[in-house]
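What follows is a single structure, written as structure tokens, with notes after it.
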Amino acid sequence: MRLERGQWLAALAPGLALAAWSGAGLLIWRAARPEALAQALAGQGALLLGWLALGAAGAGWLALSLHDRLVRAPRRLADAAANLAENPAAPLLDDPSPLAQAVNRLAGRSRALQADMERLVAEASRKVAQERDQLGALMAELQQSVVVCTLDGRILLYNERARTLFQRLSDAPQIAGGADLIGLGRSIHAVIDRPLIEHARETVERQLARGEPAGAARFVTTTGAGHLLQVLWAPVRAEAALTGYVLLLDDITEEQAAQSRRDQRLNALTEASRASLANMQTALDMLDYPDLQPAERDSFQQVVRDEVQAMAARLAELTQGGADAQARWPLQDMLGADLLAAAAGHLRAGSGRAPAVEEPAPELWLRVDSFALVHALGDLAAPLPEGVAPGLRLAEAATPGWAHLDLSWPQDAAPAEGFAGVRASARAVAERHGGELWLEHDRAAGRSFFRFLLPMAQGRREAAGDPRPEFYDFDLFGADAAGHALDDSRLEQLAYTVFDTETTGLDPAGGDEIIQIGAVRVLNGKILHGEGFDQLVDPGRSIPEAGIPYHGIRPEMVRGQPRIAEVLPAFHAYAAGTVLVGHNVAFDMRFLQLKEAATGLRFDQPVLDTLLLASIAQPHEPSQSLEAIAARLGVTIAGRHNAAGDALATAQVFLALLPLLKARGIVTLGEARAAAETSYYARLRY
């Protein structure tokens with residue numbers, strides 16, 4: 001066996017030390033008694049040296065053994081342990097020592113954990129692969145072009161419809177096949193201008209900043225090949241940060257062309273019909289003369305018949321050609337304050353002049369092509385002299401459903417003739433909205449202004465007011481056997497319909513009626529925002545003025561809407577197979593219960609009330625109103641006292657209550673219902 005340097009040192013060290021010690025002793029003895037030392041060495045020297053050599057050899061062997069056990073063995077154990085840690089295939093230690101066996105046990109546990117991790121990773125990979133394949137199949141089957149991009153416009157994903165669309169948009173479709181415009185890593189700005197994308201992003205970011213759910217922005221753009229694209233821009237978010245966006249694209253060139261042809265036919269029909277009507281009127285006037293000769297009378301009657309036939313033929317032609325779908329320029333709902341903010345930013349960026357903006361009414365919503373409108377305002381402001389800051393004002397017009405958007409400036413700052421070059425394009429934008437554009441002068445205020453007439457949209461309402469009183473006048477917990485069959489199901493495994501109603505008043509038995517039902521579905525602990533239910537209802541009676549500030553629903557809004565007998569079957573089907581959830585839900589259930597006889601529909605599924613659940617999860621809180629609970633749980637309420645908004649807030653509150661209930665041992669539906677029955681609020685009667 002070849003010894004290492006350390007082993008040689010361990011074996012020789014005791015002998016060398018013994019020799020040195022013996023030599024030192026001999027030197028001392030010689031110095032003290034030199035004759036005696038000489039006599040001892042002469043008689044017993046060989047025996048003494050042999051004994052010393054034997055002792056040195058024994059000490060060296062002992063030192064070598066100790067070195068192997070205390071130095072070399074731990075080093076080998078450390079190397080073997082490092083090998084086990086880095087190499088799952090390495091054999092376990094063949095060493096009976098307790099330390100080695102402990103290392104083997106740790107290695108065994110590590111390998112078991114690693115095997116479980118590999119199994120979980122393999123399962124997750126299979127699920128991801130399955131979802132990827134499903135996404136790929138879904139993308140392939142979509143009848144709409146879809147492109148997913150990073151925030152800087154780099155394309156991450158697109159489907160076959162998008163590739164086909166971009167092939168049509170390409171300048172060389174037969175050569176490049178659209179690859180000159182679309183491809184992974186390419187920029188979408190080769191087709192859609194960056195300012196349009198940025199404007200859409202700013203619009204959505206303003207919505208998010210107000211705490212609204214992530215929405216989308218719509219706009220229309222033209223391409224270099226002359227195509228007209230309708231684009232929906234939707235954000236991709238990771239937690240609260242935007243990480244990219246999705247574009248849904250439609251080529252509406254043919255639709256707009258068909259609309260143009262239809263408009264031309266309508267204009268032609270109008271002009272031709274005007275001439276025919278004039279001819280018929282003349283012929284009818286002549287027929288009134290009493291001395292008209294029979295031949296002349298027949299001639300004028302024939303004129304009437306010919307013109308009637310000509311008009312009928314033109315109408316038939318128009319009807320036959322009217323199969324083309326009417327396609328109007330797509331518009332988007334936008335808060336008036338957001339439109340003014342975007343316009344002010346555009347004017348400031350373009351000219352360096354900060355416009356004076358009058359704050360509009362907070363609930364004023366418009367239906368506009370915001371990008372085109374903002375740039376039209378920028379074009380109109382461009383001719384103003386340097387140093388003249390324009391003003392922006394938005395207010396409701398005297399005509400119901402319309403609003404005025406004004407761009408003003410001092411009356412003597414610029415002549416009206418200076419705007420001739422931009423008025424035509426701005427007027428086209430106004431006509432795109434179905435509105436008008438004109439120039440006015442307010443001599444009393446000394447200002448001139450361009451005024452856009454724009455359509456209004458029904459915006460989101462947040463009416464202030466106290467919540468309705470708790471209202472328990474029937475047994476909320478009287479579910480049938482089918483309802484109790486779900487009692488053993490865990491709360492997070494059930495499907496829920498979270499709903500709310502708005503009513504004409506607070507007395508269902510006294511004749512008050514439902515005027516709106518809003519609901520969302522909850523599945524697997526997630527709110528399905530795309531599967532909502534929101535329907536206004538004609539109550540068949542007046543809506544008291546005192547309640548309008550609370551729910552914001554005016555009589556003209558429900559006029560022509562379906563009656564409750566039509567709405568309840570649809571809501572019953574929507575909620576089928578789910579657990580009903582509401583806040584102070586007995587109030588809403590009372591209205592549904594009173595309609596059972598008239599509709600033949602019974603909502604007999606289990607019911608949970610967030611008012612009762614919150615009082616169990618947080619029993620020491622002074623208030624259990626929806627606003628108070630939401631504030632405690634960090635839930636933002638948008639659109640309070642709107643049925644759809646309240647339903648969404650209640651769903652968020654319900655999901656936030658589930659972990660608190662679980663911490664109290666309430667994990668199944670039956671446990672939640674039993675706990676709710678013990679709530680103080682469940683025993684109240686009003």
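Ordering of the structure tokens sets the chain letters (A, B, ...); residue numbers start at 1 within each chain; ligands are numbered from 1 in the order shown.
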
I need the residues of segment 151-383 of chain A that end up classed as alpha helix (DSSP H) by DSSP on the backbone, written out as a VMD selection string.
chain A and resid 160 to 169 194 to 209 253 to 287 294 to 321 336 to 351 370 to 381

Which residues are close to Gln144 of chain A, i.e. within 7 Å by only C-alpha atoms, leaving aside same-chain residues fewer than 5 positions away? Reply as a ChimeraX atom specification.
/A:161,248-250

Residues within 10 Å of Leu657 of chain A, only C-alpha atoms, excluding chain neighbours under 4 positions, as an NGL selection string
:A and (610 or 613-614 or 616-618 or 629 or 633 or 651-653 or 661-662)

Would you export the selected residues with all heavy atoms as a compact mmCIF listing (two decimals), in the first residue's frame, please?
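Produced file result.txt, reproduced below:
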```txt
# COMPACT_ATOMS: atom_id res chain seq x y z
N THR A 610 -72.96 36.33 2.73
CA THR A 610 -71.69 36.89 3.21
C THR A 610 -71.86 37.74 4.45
O THR A 610 -70.92 37.91 5.22
CB THR A 610 -71.02 37.72 2.10
OG1 THR A 610 -71.95 38.70 1.61
CG2 THR A 610 -70.56 36.83 0.95
N LEU A 613 -71.69 34.99 7.11
CA LEU A 613 -70.36 34.38 7.15
C LEU A 613 -69.33 35.35 7.73
O LEU A 613 -68.44 34.95 8.48
CB LEU A 613 -69.95 33.94 5.74
CG LEU A 613 -70.81 32.83 5.11
CD1 LEU A 613 -70.31 32.53 3.71
CD2 LEU A 613 -70.81 31.57 5.97
N ALA A 614 -69.44 36.62 7.37
CA ALA A 614 -68.50 37.61 7.91
C ALA A 614 -68.67 37.77 9.41
O ALA A 614 -67.70 37.96 10.15
CB ALA A 614 -68.68 38.95 7.20
N ILE A 616 -69.43 35.46 11.40
CA ILE A 616 -68.81 34.29 12.03
C ILE A 616 -67.29 34.39 11.95
O ILE A 616 -66.57 34.11 12.92
CB ILE A 616 -69.30 33.01 11.34
CG1 ILE A 616 -70.80 32.84 11.52
CG2 ILE A 616 -68.56 31.79 11.87
CD1 ILE A 616 -71.26 32.73 12.95
N ALA A 617 -66.78 34.81 10.79
CA ALA A 617 -65.32 34.89 10.60
C ALA A 617 -64.70 36.03 11.40
O ALA A 617 -63.57 35.91 11.87
CB ALA A 617 -65.01 35.06 9.12
N GLN A 618 -65.43 37.13 11.55
CA GLN A 618 -64.92 38.28 12.29
C GLN A 618 -66.02 38.76 13.24
O GLN A 618 -66.65 39.80 13.02
CB GLN A 618 -64.52 39.41 11.31
CG GLN A 618 -63.40 39.00 10.34
CD GLN A 618 -63.11 40.08 9.32
OE1 GLN A 618 -64.01 40.68 8.75
NE2 GLN A 618 -61.83 40.32 9.07
N ILE A 629 -67.04 45.31 5.34
CA ILE A 629 -66.35 44.02 5.17
C ILE A 629 -65.30 44.13 4.08
O ILE A 629 -64.16 43.67 4.22
CB ILE A 629 -67.36 42.92 4.85
CG1 ILE A 629 -68.38 42.77 5.97
CG2 ILE A 629 -66.64 41.59 4.61
CD1 ILE A 629 -69.53 41.84 5.63
N LEU A 633 -61.20 43.53 4.29
CA LEU A 633 -60.56 42.45 3.53
C LEU A 633 -59.76 42.96 2.34
O LEU A 633 -59.22 42.15 1.58
CB LEU A 633 -61.64 41.47 3.04
CG LEU A 633 -62.45 40.78 4.15
CD1 LEU A 633 -63.50 39.87 3.54
CD2 LEU A 633 -61.55 40.00 5.08
N ALA A 651 -68.69 38.68 -4.54
CA ALA A 651 -67.89 37.50 -4.90
C ALA A 651 -66.46 37.63 -4.38
O ALA A 651 -65.88 36.67 -3.86
CB ALA A 651 -67.89 37.32 -6.42
N GLN A 652 -65.88 38.82 -4.49
CA GLN A 652 -64.53 39.03 -3.98
C GLN A 652 -64.49 38.90 -2.46
O GLN A 652 -63.55 38.32 -1.90
CB GLN A 652 -64.03 40.41 -4.42
CG GLN A 652 -63.84 40.54 -5.93
CD GLN A 652 -63.56 41.97 -6.36
OE1 GLN A 652 -64.15 42.91 -5.84
NE2 GLN A 652 -62.66 42.14 -7.30
N VAL A 653 -65.50 39.43 -1.80
CA VAL A 653 -65.58 39.31 -0.34
C VAL A 653 -65.73 37.84 0.06
O VAL A 653 -65.09 37.35 1.00
CB VAL A 653 -66.76 40.15 0.20
CG1 VAL A 653 -67.11 39.75 1.62
CG2 VAL A 653 -66.41 41.63 0.13
N LEU A 661 -62.72 31.44 7.36
CA LEU A 661 -63.61 30.38 7.84
C LEU A 661 -62.85 29.08 8.04
O LEU A 661 -63.09 28.35 9.02
CB LEU A 661 -64.75 30.18 6.83
CG LEU A 661 -65.71 31.35 6.66
CD1 LEU A 661 -66.66 31.10 5.50
CD2 LEU A 661 -66.51 31.59 7.94
N LYS A 662 -61.93 28.79 7.14
CA LYS A 662 -61.13 27.56 7.28
C LYS A 662 -60.31 27.58 8.56
O LYS A 662 -60.16 26.55 9.23
CB LYS A 662 -60.21 27.41 6.06
CG LYS A 662 -59.44 26.11 6.03
CD LYS A 662 -58.64 25.98 4.75
CE LYS A 662 -57.89 24.65 4.70
NZ LYS A 662 -57.10 24.53 3.43
```

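The space between atom CA of Val498 of chain A and atom CA of Leu594 of chain A spans 19.9 Å.
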
Looking at only C-alpha atoms, which of A:Leu284, A:Ala381, A:Gln309, A:Leu536 is the one that sits closest to Ala354 of chain A?
A:Ala381

Write out as a VMD selection string each polymer residue whose atoms come within 7 Å of segment 511-520 of chain A, counting only C-alpha atoms; drop sequence neighbours fewer than 6 positions from it.
chain A and resid 497 to 505 528 to 529 531 to 539 643 to 644 647 to 648

Next, dump the selected residues to file, keeping only N, CA, C and O atoms, as an mmCIF file, in the first residue's frame.
```cif
data_model
loop_
_atom_site.group_PDB
_atom_site.id
_atom_site.type_symbol
_atom_site.label_atom_id
_atom_site.label_comp_id
_atom_site.auth_asym_id
_atom_site.auth_seq_id
_atom_site.Cartn_x
_atom_site.Cartn_y
_atom_site.Cartn_z
ATOM 1 N N THR A 497 -73.048 30.923 -7.765
ATOM 2 C CA THR A 497 -73.592 32.085 -8.467
ATOM 3 C C THR A 497 -73.772 33.186 -7.432
ATOM 4 O O THR A 497 -74.615 33.077 -6.531
ATOM 5 N N VAL A 498 -72.956 34.225 -7.532
ATOM 6 C CA VAL A 498 -73.021 35.346 -6.597
ATOM 7 C C VAL A 498 -73.861 36.437 -7.268
ATOM 8 O O VAL A 498 -73.515 36.896 -8.361
ATOM 9 N N PHE A 499 -74.957 36.833 -6.639
ATOM 10 C CA PHE A 499 -75.887 37.722 -7.328
ATOM 11 C C PHE A 499 -76.359 38.843 -6.418
ATOM 12 O O PHE A 499 -76.171 38.823 -5.196
ATOM 13 N N ASP A 500 -76.999 39.823 -7.059
ATOM 14 C CA ASP A 500 -77.574 40.956 -6.344
ATOM 15 C C ASP A 500 -78.713 41.504 -7.193
ATOM 16 O O ASP A 500 -78.734 41.323 -8.424
ATOM 17 N N THR A 501 -79.663 42.143 -6.554
ATOM 18 C CA THR A 501 -80.776 42.760 -7.270
ATOM 19 C C THR A 501 -80.891 44.228 -6.873
ATOM 20 O O THR A 501 -80.492 44.621 -5.784
ATOM 21 N N GLU A 502 -81.412 45.015 -7.786
ATOM 22 C CA GLU A 502 -81.849 46.376 -7.477
ATOM 23 C C GLU A 502 -83.364 46.402 -7.625
ATOM 24 O O GLU A 502 -83.920 45.781 -8.544
ATOM 25 N N THR A 503 -84.046 47.109 -6.745
ATOM 26 C CA THR A 503 -85.498 47.067 -6.687
ATOM 27 C C THR A 503 -86.069 48.476 -6.602
ATOM 28 O O THR A 503 -85.359 49.445 -6.310
ATOM 29 N N THR A 504 -87.378 48.552 -6.824
ATOM 30 C CA THR A 504 -88.039 49.858 -6.740
ATOM 31 C C THR A 504 -88.149 50.344 -5.311
ATOM 32 O O THR A 504 -88.338 51.534 -5.068
ATOM 33 N N GLY A 505 -88.057 49.421 -4.359
ATOM 34 C CA GLY A 505 -88.162 49.798 -2.957
ATOM 35 C C GLY A 505 -87.780 48.639 -2.067
ATOM 36 O O GLY A 505 -87.233 47.624 -2.530
ATOM 37 N N LEU A 528 -65.277 34.084 -12.646
ATOM 38 C CA LEU A 528 -65.328 33.989 -14.108
ATOM 39 C C LEU A 528 -65.897 35.301 -14.641
ATOM 40 O O LEU A 528 -67.104 35.430 -14.860
ATOM 41 N N HIS A 529 -65.008 36.263 -14.839
ATOM 42 C CA HIS A 529 -65.465 37.599 -15.251
ATOM 43 C C HIS A 529 -66.159 37.567 -16.611
ATOM 44 O O HIS A 529 -67.001 38.422 -16.903
ATOM 45 N N GLU A 531 -68.271 35.442 -17.685
ATOM 46 C CA GLU A 531 -69.548 34.736 -17.668
ATOM 47 C C GLU A 531 -70.523 35.437 -16.722
ATOM 48 O O GLU A 531 -71.110 34.824 -15.834
ATOM 49 N N GLY A 532 -70.651 36.741 -16.881
ATOM 50 C CA GLY A 532 -71.525 37.505 -16.009
ATOM 51 C C GLY A 532 -72.961 37.537 -16.505
ATOM 52 O O GLY A 532 -73.288 37.160 -17.630
ATOM 53 N N PHE A 533 -73.854 37.990 -15.622
ATOM 54 C CA PHE A 533 -75.274 38.165 -15.924
ATOM 55 C C PHE A 533 -75.644 39.557 -15.464
ATOM 56 O O PHE A 533 -75.467 39.904 -14.297
ATOM 57 N N ASP A 534 -76.139 40.381 -16.380
ATOM 58 C CA ASP A 534 -76.490 41.766 -16.043
ATOM 59 C C ASP A 534 -77.681 42.162 -16.900
ATOM 60 O O ASP A 534 -77.555 42.292 -18.120
ATOM 61 N N GLN A 535 -78.842 42.316 -16.292
ATOM 62 C CA GLN A 535 -80.056 42.582 -17.049
ATOM 63 C C GLN A 535 -80.957 43.560 -16.314
ATOM 64 O O GLN A 535 -81.294 43.364 -15.143
ATOM 65 N N LEU A 536 -81.330 44.645 -17.003
ATOM 66 C CA LEU A 536 -82.352 45.548 -16.500
ATOM 67 C C LEU A 536 -83.724 44.916 -16.704
ATOM 68 O O LEU A 536 -83.934 44.139 -17.645
ATOM 69 N N VAL A 537 -84.668 45.262 -15.843
ATOM 70 C CA VAL A 537 -86.003 44.664 -15.865
ATOM 71 C C VAL A 537 -87.037 45.783 -15.827
ATOM 72 O O VAL A 537 -86.928 46.713 -15.013
ATOM 73 N N ASP A 538 -88.033 45.687 -16.696
ATOM 74 C CA ASP A 538 -89.157 46.623 -16.653
ATOM 75 C C ASP A 538 -90.076 46.190 -15.509
ATOM 76 O O ASP A 538 -90.672 45.106 -15.562
ATOM 77 N N PRO A 539 -90.199 47.017 -14.450
ATOM 78 C CA PRO A 539 -90.993 46.567 -13.295
ATOM 79 C C PRO A 539 -92.499 46.645 -13.507
ATOM 80 O O PRO A 539 -93.263 46.129 -12.691
ATOM 81 N N ALA A 643 -76.357 46.398 -9.573
ATOM 82 C CA ALA A 643 -76.458 44.972 -9.274
ATOM 83 C C ALA A 643 -75.213 44.217 -9.703
ATOM 84 O O ALA A 643 -74.695 43.375 -8.960
ATOM 85 N N ALA A 644 -74.707 44.497 -10.892
ATOM 86 C CA ALA A 644 -73.519 43.784 -11.364
ATOM 87 C C ALA A 644 -72.294 44.144 -10.530
ATOM 88 O O ALA A 644 -71.484 43.275 -10.192
ATOM 89 N N ALA A 647 -72.599 42.478 -7.103
ATOM 90 C CA ALA A 647 -72.373 41.033 -7.211
ATOM 91 C C ALA A 647 -70.884 40.729 -7.303
ATOM 92 O O ALA A 647 -70.384 39.793 -6.663
ATOM 93 N N LEU A 648 -70.157 41.519 -8.075
ATOM 94 C CA LEU A 648 -68.712 41.302 -8.199
ATOM 95 C C LEU A 648 -68.015 41.548 -6.862
ATOM 96 O O LEU A 648 -67.140 40.767 -6.448
#
```

Hey, can you check how far atom CA of Leu156 of chain A sits from atom CA of Leu184 of chain A?
5.6 Å
